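Asks: Please read through the structure below; I'll follow up with questions.
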Amino acid sequence: MTEHPLDLDEVQAFVRIAELGSFTRAAEAMQTTQAAISLKLRRLENRLGCRLIERTPRHVQLSERGRVFLDPARQLLAAHDRALAVFAGVRQRLIIGISDHVAGPELPALIARMNDHDPHLVVEIRIGSSADLLQSYDRRELEAVIVRLHAGRSDGDLVAEEKFGWFAGPDWEPRAGEPLPVATMAEPCGVRAMAAQHLDAAGVSWAEIFVGGGVAAVVAAVTAGLGVAALAPRMLPSGAVDVGARLGLPELPRLPVVLHTRVRDGRARAALDALVTAFRSAVRA
């Protein structure tokens with residue numbers, strides 16, 4: 001065990017590298033240089049006497065010791081922020097927009113993760129379509145948005161890539177000779193547009209059977225046996241099945257989830273990073 005107290009800047013550099021998977025992104029988040037981030041990590045590793053990050057030309061990943069140290073490191077930073085919050089007087093507020101196609105059943109757990117990280121931070125979350133949230137973000141009504149990749153935008157950071165499939169109720173069967181009944185979200189919706197494009201390209205005859213104002217409504221239509229829908233597997237209740245291969249439907253691509261934010265440092269950024277890390281874990285699961 002080290003005989004000297006840990007340097008919080010060095011610990012924060014390690015956490016940022018681990019959560020963002022990049023020395024460059026960690027440097028941007030801490031508003032410093034990549035060389036400075038590397039130096040902080042090297043000093044921390046020297047202080048602890050072990051390698052925390054394994055570096056390769058293409059990947060940055062935690063060592064076994066790094067994986068063990070990550071949660072205690074987060075707790076140390078959170079405790080530091082909570083200590084400072086005692087003197088803050090006014091609660092800081094973070095307003096986040098999350099796409100309806102991104103905010104799945106894990107949303108309560110994601111919110112709890114942010115609150116555990118910083119219970120003194122007021123988090124306001126707004127759910128909507130990616131297009132609407134991006135417009136609000138551009139009008140500076142939101143400080144961060146987590147949305148599906150939107151055509152024509154290249155200013156976000158990739159959070160995850162999520163698999164999609166064609167799902168239906170466990171007992172649903174198509175009617176012979178009729179167009180494929182599809183449940184979709186109302187326009188504008190990038191997932192809706194993607195599904196329609198792939199069906200048309202594959203020459204599949206289809207028709208809207210249900211249009212929902214949110215993913216929950218589309219999931220309800222699938223569960224009720226109205227037809228099929230293009231959805232991420234984590235959005236579905238138990239019992240729903242992927243019928244794409246059985247029906248010969250076109251394979252759907254993995255869709256990127258992107259973070260757009262003007263928050264670069266401080267408590268709000270740390271809480272936002274905790275949310276992103278928890279979401280990545282949910283997608284992998």
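Residue numbers start at 1 in each chain; chains themselves are named A, B, ... in the order of the structure tokens; ligands are numbered from 1 in the order shown.
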Please, which residues of stretch 78-121 of chain A, numbered as in this document, come out strand (DSSP E or B) from DSSP, as a ChimeraX atom specification?
Replies: /A:93-99
Asks: Please save N, CA and C atoms of the selected residues as an mmCIF file, in the first residue's frame.
Replies:
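Saved to again_12.cif:
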data_model
loop_
_atom_site.group_PDB
_atom_site.id
_atom_site.type_symbol
_atom_site.label_atom_id
_atom_site.label_comp_id
_atom_site.auth_asym_id
_atom_site.auth_seq_id
_atom_site.Cartn_x
_atom_site.Cartn_y
_atom_site.Cartn_z
ATOM 1 N N ARG A 93 -27.441 22.216 -11.255
ATOM 2 C CA ARG A 93 -28.446 21.514 -12.044
ATOM 3 C C ARG A 93 -27.840 21.084 -13.374
ATOM 4 N N LEU A 94 -28.170 19.861 -13.797
ATOM 5 C CA LEU A 94 -27.732 19.338 -15.087
ATOM 6 C C LEU A 94 -28.973 18.897 -15.859
ATOM 7 N N ILE A 95 -29.185 19.487 -17.032
ATOM 8 C CA ILE A 95 -30.366 19.182 -17.852
ATOM 9 C C ILE A 95 -29.921 18.327 -19.034
ATOM 10 N N ILE A 96 -30.442 17.106 -19.083
ATOM 11 C CA ILE A 96 -30.033 16.116 -20.085
ATOM 12 C C ILE A 96 -31.247 15.680 -20.893
ATOM 13 N N GLY A 97 -31.073 15.559 -22.197
ATOM 14 C CA GLY A 97 -32.089 14.969 -23.056
ATOM 15 C C GLY A 97 -31.668 13.565 -23.465
ATOM 16 N N ILE A 98 -32.589 12.615 -23.382
ATOM 17 C CA ILE A 98 -32.293 11.230 -23.765
ATOM 18 C C ILE A 98 -33.337 10.772 -24.773
ATOM 19 N N SER A 99 -32.883 10.266 -25.894
ATOM 20 C CA SER A 99 -33.786 9.785 -26.928
ATOM 21 C C SER A 99 -34.667 8.659 -26.398
#
Asks: Excluding same-chain residues fewer than 2 positions from A:Pro179, what lies within 6 Å of it counting only C-alpha atoms, as a list in words?
Replies: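 My reading of the contact set: Ser205, Trp206 and Ala207 of chain A.
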Asks: Excluding same-chain residues fewer than 2 positions from stretch 255-270 of chain A, what lies within 7 Å of it counting only C-alpha atoms, as a ChimeraX atom specification?
Replies: /A:29-30,81,94,143-149,155-163,253,272-274
Asks: Of the candidates A:Gly169, A:Gly177, A:Gly212, A:Gly128, which one gets nearest to A:Gly225 if we count only C-alpha atoms?
Replies: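 Of A:Gly169, A:Gly177, A:Gly212, A:Gly128, the one nearest A:Gly225 is A:Gly169, counting only C-alpha atoms.
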Asks: Please identify all polymer residues within 8 Å of A:Arg51, counting only C-alpha atoms, omitting same-chain residues fewer than 6 positions from it, and present them as a PyMOL selection string.
Replies: chain A and resi 45+63+65-66
Asks: Set the distance at 6 Å and use only C-alpha atoms: which residues neighbour stretch 14-23 of chain A once local chain neighbours fewer than 2 positions away are removed? I'd like the list as a PyMOL selection string.
Replies: chain A and resi 11-12+25-26+34+41+60
Asks: What does the file look like for those residues with N, CA and C atoms, as a PDB file, in the first residue's frame?
Replies:
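As written to disk, result.pdb reads:
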ATOM      1  N   VAL A  11      -5.964  10.574  -9.980  1.00  0.00           N
ATOM      2  CA  VAL A  11      -7.062   9.608  -9.911  1.00  0.00           C
ATOM      3  C   VAL A  11      -8.131   9.958 -10.935  1.00  0.00           C
ATOM      4  N   GLN A  12      -8.446  11.248 -11.067  1.00  0.00           N
ATOM      5  CA  GLN A  12      -9.450  11.664 -12.034  1.00  0.00           C
ATOM      6  C   GLN A  12      -9.002  11.355 -13.463  1.00  0.00           C
ATOM      7  N   ARG A  25      -9.717  11.754 -25.491  1.00  0.00           N
ATOM      8  CA  ARG A  25     -11.005  12.203 -24.951  1.00  0.00           C
ATOM      9  C   ARG A  25     -10.877  12.582 -23.472  1.00  0.00           C
ATOM     10  N   ALA A  26     -10.055  11.842 -22.752  1.00  0.00           N
ATOM     11  CA  ALA A  26      -9.838  12.179 -21.346  1.00  0.00           C
ATOM     12  C   ALA A  26      -9.195  13.558 -21.226  1.00  0.00           C
ATOM     13  N   GLN A  34      -2.940  15.573 -24.003  1.00  0.00           N
ATOM     14  CA  GLN A  34      -2.771  14.132 -23.884  1.00  0.00           C
ATOM     15  C   GLN A  34      -1.483  13.800 -23.140  1.00  0.00           C
ATOM     16  N   LEU A  41      -1.275   9.697 -15.241  1.00  0.00           N
ATOM     17  CA  LEU A  41      -1.482   8.262 -15.079  1.00  0.00           C
ATOM     18  C   LEU A  41      -0.189   7.569 -14.672  1.00  0.00           C
ATOM     19  N   VAL A  60      -7.388   1.009 -25.607  1.00  0.00           N
ATOM     20  CA  VAL A  60      -7.017   1.329 -24.233  1.00  0.00           C
ATOM     21  C   VAL A  60      -7.921   0.504 -23.337  1.00  0.00           C
TER      22      VAL A  60
END
Asks: Between A:Ile209, A:Ala202, A:Ile111, A:Leu70, which one has atoms that come closest to A:Leu249, using only C-alpha atoms?
Replies: A:Ala202
Asks: Need to verify the contact set: A:Ala79, 12 Å, only C-alpha atoms, exclusion of same-chain residues closer than 5 positions in sequence. Can you return it as a PyMOL selection string?
Replies: chain A and resi 8+72-74+84-86+116-120+267
Asks: So that I can check the surroundings of A:Ala220, please list as an MDAnalysis selection string every protein, DNA and RNA residue that reaches within 10 Å of it, counting only C-alpha atoms and ignoring chain neighbours fewer than 3 positions away.
Replies: chainID A and resid 169 183 212 215:217 223:226 236:237
Asks: Residues as selected, all heavy atoms, written as a compact mmCIF listing (two decimals), in the first residue's frame, can you do that?
Replies:
# COMPACT_ATOMS: atom_id res chain seq x y z
N GLY A 169 -44.69 -10.64 -30.94
CA GLY A 169 -45.15 -11.43 -29.80
C GLY A 169 -44.87 -12.90 -30.01
O GLY A 169 -44.74 -13.37 -31.15
N ALA A 183 -45.29 -2.08 -36.68
CA ALA A 183 -45.55 -1.05 -35.67
C ALA A 183 -44.34 -0.12 -35.65
O ALA A 183 -43.20 -0.58 -35.56
CB ALA A 183 -45.79 -1.68 -34.30
N GLY A 212 -46.89 4.69 -32.80
CA GLY A 212 -46.83 5.06 -31.39
C GLY A 212 -46.11 6.37 -31.17
O GLY A 212 -45.22 6.74 -31.93
N VAL A 215 -41.50 4.66 -27.64
CA VAL A 215 -41.11 3.26 -27.73
C VAL A 215 -42.02 2.38 -26.88
O VAL A 215 -42.37 1.26 -27.27
CB VAL A 215 -39.64 3.07 -27.31
CG1 VAL A 215 -39.27 1.61 -27.23
CG2 VAL A 215 -38.72 3.78 -28.31
N ALA A 216 -42.44 2.87 -25.72
CA ALA A 216 -43.31 2.08 -24.85
C ALA A 216 -44.61 1.70 -25.56
O ALA A 216 -45.11 0.58 -25.41
CB ALA A 216 -43.62 2.85 -23.57
N ALA A 217 -45.15 2.63 -26.36
CA ALA A 217 -46.38 2.33 -27.09
C ALA A 217 -46.13 1.30 -28.18
O ALA A 217 -46.96 0.40 -28.41
CB ALA A 217 -46.93 3.62 -27.70
N THR A 223 -46.39 -6.53 -28.06
CA THR A 223 -46.86 -7.46 -27.03
C THR A 223 -48.31 -7.86 -27.28
O THR A 223 -48.69 -9.01 -27.01
CB THR A 223 -46.73 -6.82 -25.64
OG1 THR A 223 -45.37 -6.39 -25.45
CG2 THR A 223 -47.08 -7.80 -24.55
N ALA A 224 -49.12 -6.93 -27.80
CA ALA A 224 -50.53 -7.21 -28.07
C ALA A 224 -50.73 -8.05 -29.32
O ALA A 224 -51.86 -8.46 -29.62
CB ALA A 224 -51.29 -5.89 -28.20
N GLY A 225 -49.65 -8.30 -30.07
CA GLY A 225 -49.76 -9.17 -31.24
C GLY A 225 -50.20 -8.47 -32.51
O GLY A 225 -50.73 -9.13 -33.42
N LEU A 226 -49.98 -7.14 -32.61
CA LEU A 226 -50.42 -6.42 -33.79
C LEU A 226 -49.52 -6.64 -35.00
O LEU A 226 -49.97 -6.59 -36.14
CB LEU A 226 -50.52 -4.92 -33.50
CG LEU A 226 -51.85 -4.41 -32.93
CD1 LEU A 226 -52.14 -5.01 -31.57
CD2 LEU A 226 -51.86 -2.89 -32.88
N LEU A 236 -37.45 -4.84 -25.20
CA LEU A 236 -38.56 -5.77 -25.26
C LEU A 236 -38.83 -6.45 -23.93
O LEU A 236 -37.90 -6.76 -23.19
CB LEU A 236 -38.30 -6.84 -26.32
CG LEU A 236 -38.69 -6.52 -27.76
CD1 LEU A 236 -40.19 -6.36 -27.89
CD2 LEU A 236 -37.98 -5.29 -28.29
N PRO A 237 -40.11 -6.74 -23.62
CA PRO A 237 -40.42 -7.55 -22.43
C PRO A 237 -40.07 -9.00 -22.68
O PRO A 237 -39.89 -9.42 -23.83
CB PRO A 237 -41.94 -7.37 -22.27
CG PRO A 237 -42.42 -7.12 -23.67
CD PRO A 237 -41.31 -6.31 -24.33
Asks: Quick check for you: according to DSSP on this backbone, which residues of stretch 20-241 of chain A are classed as alpha helix (DSSP H)? Reply as a PyMOL selection string.
Replies: chain A and resi 20+23-29+34-48+64-85+107-117+130-138+190-201+215-223
Asks: Could you tell me how far atom CA of A:His101 sits from atom CA of A:Thr184, in Å to one decimal place?
Replies: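 Result for atom CA of A:Thr184 versus atom CA of A:His101: 11.5 Å, one decimal.
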Asks: Compare A:Leu48, A:Glu106, A:Ser129, A:Val241 by their minimum atom-to-atom distance to A:Trp166, counting only C-alpha atoms, and give me the closest one.
Replies: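 Ranking A:Leu48, A:Glu106, A:Ser129, A:Val241 by distance to A:Trp166, first place goes to A:Val241.
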Asks: Under the rule that only C-alpha atoms are counted, which of A:Leu231, A:Ala240, A:Ala201, A:Leu62 is the nearest residue to A:Phe164?
Replies: A:Leu231
Asks: Between A:Ile53, A:Val182, A:Ala196, A:Ile127, single out the one closest to A:Val102, counting only C-alpha atoms.
Replies: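 Between A:Ile53, A:Val182, A:Ala196, A:Ile127, the residue approaching A:Val102 most closely is A:Ile127.
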Asks: For a quick check of understanding, using only C-alpha atoms, which of A:Ala13, A:Arg175, A:Cys189, A:Ala282 has the smallest distance to A:Glu28?
Replies: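 Of A:Ala13, A:Arg175, A:Cys189, A:Ala282, the one nearest A:Glu28 is A:Ala13, counting only C-alpha atoms.
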